Amino acid sequence: MTALDVMWVGLGGGIGSLLRWWVGHVTGRVYHGSFPLGTFLINITGAFIIGYLSELFSVDWRDRYGAALNSGVLTGFLGGYTTFSSMELDAAKLNGSKGAGYATYYLVLSTIIGLIAAWCGFALARLQG
Amino acid sequence: MRLLLLASAGGAIGTGFRFLINRVFAHAGLIEFPWATLTINILGSFLMGVLIETLALRFNASNELRTFFATGILGGFTTFSAFSLEFATLYERGDMTTAFGYVLLSVVLSLLAIFAGLIVMRWVLA
């Protein structure tokens, strides 16, 4: 690991987080319902893209931090764009405002659709390759 | 504009810490199971609980602080994309028990961690 790797990761994470803030901001303007649509869309699109790119670059998670491309784009940009803690926070808030059933529904839906999205990204890259 | 800069500066810091923790786990040889991401997401969720309760009780739910620490640092520190990639990799290898176990552990333990964070701070700051 070099200082340069950390720089790429930090740069990617900064840009990814900026985009996450922006998507959340725009979604909040368009949609006013109680479903945490912003975080949901962010995680699903991020999962799809990481599935697609990792199959394209054929990287396993164990060598995710090898090249600048991997560390900057996968760990940095996509890692910074998607979030786990905000999703859990959304669920905890929903538990308080809408009840445990709705909170569980959100959490299960986000997770399952996210995992399917990552797999679809994989499959798409394989179809093209 | 200011919020956007706060989110991205925090995100760079959080992502940097995630990268360092990944490296530490890789260095320790803990790479057959995604221990690093699991630890990161649980720890990040606990800190999110601590932070949100602290902001609510002590800082008047300041939008600037929330954007920098919650959206930026903790949002960038934790990750869903690595989590889903790790699941897909385990699944592709045919290791179903590990793949689904990983998902269940991540989601449930992180949820418990955020509630733990909220409760601890409510108790500490009350």
# chains A, B, ... in the order shown; residues from 1 in each chain; ligands from 1
call {"tool": "residues_around", "arguments": {"residues": "segment 76-85 of chain A", "least_positions_apart": "4", "cutoff": "6 Å", "atoms": "only C-alpha atoms", "output": "PDB file with C-alpha atoms, in the first residue's frame"}}
result
ATOM      1  CA  VAL A   9      -9.295   5.797  -2.623  1.00  0.00           C
ATOM      2  CA  GLY A  12     -12.938   8.205  -5.334  1.00  0.00           C
ATOM      3  CA  GLY A  13     -14.704   8.132  -1.968  1.00  0.00           C
ATOM      4  CA  GLY A  16     -18.846   8.910  -4.654  1.00  0.00           C
ATOM      5  CA  SER A  17     -20.116  10.552  -1.468  1.00  0.00           C
ATOM      6  CA  ARG A  20     -24.681  10.064  -3.021  1.00  0.00           C
ATOM      7  CA  ILE A  42     -28.155   4.539  -4.507  1.00  0.00           C
ATOM      8  CA  ASN A  43     -27.402   1.073  -3.173  1.00  0.00           C
ATOM      9  CA  GLY A  46     -24.005   0.966  -6.922  1.00  0.00           C
ATOM     10  CA  SER A  71      -8.837   0.987  -5.408  1.00  0.00           C
ATOM     11  CA  GLY A  72     -10.008   4.269  -6.919  1.00  0.00           C
TER      12      GLY A  72
ATOM     13  CA  THR B  15     -13.515   5.815   2.575  1.00  0.00           C
ATOM     14  CA  GLY B  44     -20.131   2.084  11.152  1.00  0.00           C
ATOM     15  CA  SER B  45     -23.754   1.342  12.064  1.00  0.00           C
ATOM     16  CA  GLY B  75     -21.787   6.947   4.755  1.00  0.00           C
ATOM     17  CA  GLY B  76     -18.411   6.684   3.009  1.00  0.00           C
ATOM     18  CA  THR B  78     -19.709   1.748   5.325  1.00  0.00           C
ATOM     19  CA  THR B  79     -20.504   0.206   1.983  1.00  0.00           C
ATOM     20  CA  PHE B  80     -23.256  -1.699   0.256  1.00  0.00           C
ATOM     21  CA  SER B  81     -21.471  -2.287  -3.050  1.00  0.00           C
TER      22      SER B  81
END
call {"tool": "residues_around", "arguments": {"residues": "Glu53 of chain B", "least_positions_apart": "5", "cutoff": "9 Å", "atoms": "only C-alpha atoms", "output": "ChimeraX atom specification"}}
result
/B:48,58,61,117-122,125
call {"tool": "atom_distance", "arguments": {"atom1": "atom CA of Ala7 of chain B", "atom2": "atom CA of Arg23 of chain B"}}
result
24.1 Å
call {"tool": "closest_residue", "arguments": {"among": "A:Val26, A:Ala118, A:Leu18, A:Met7", "to": "Thr67 of chain B", "atoms": "only C-alpha atoms"}}
result
A:Leu18
call {"tool": "interface_residues", "arguments": {"of": "chain B", "to": "chain A", "cutoff": "8 Å", "atoms": "only C-alpha atoms", "output": "MDAnalysis selection string"}}
result
chainID B and resid 4:5 7:16 19 23 26 31 41 44:45 48:49 70:72 74:82 84:89 107 110:111 114:115
call {"tool": "atom_distance", "arguments": {"atom1": "atom CA of Leu109 of chain B", "atom2": "atom CA of Leu109 of chain A"}}
result
17.2 Å
call {"tool": "select_by_dssp", "arguments": {"residues": "chain B", "states": "helix (DSSP H, G or I)", "output": "PyMOL selection string"}}
result
chain B and resi 2-27+35-58+63-77+81-92+96-125
call {"tool": "atom_distance", "arguments": {"atom1": "atom CA of Leu38 of chain B", "atom2": "atom CA of Phe17 of chain B"}}
result
14.2 Å
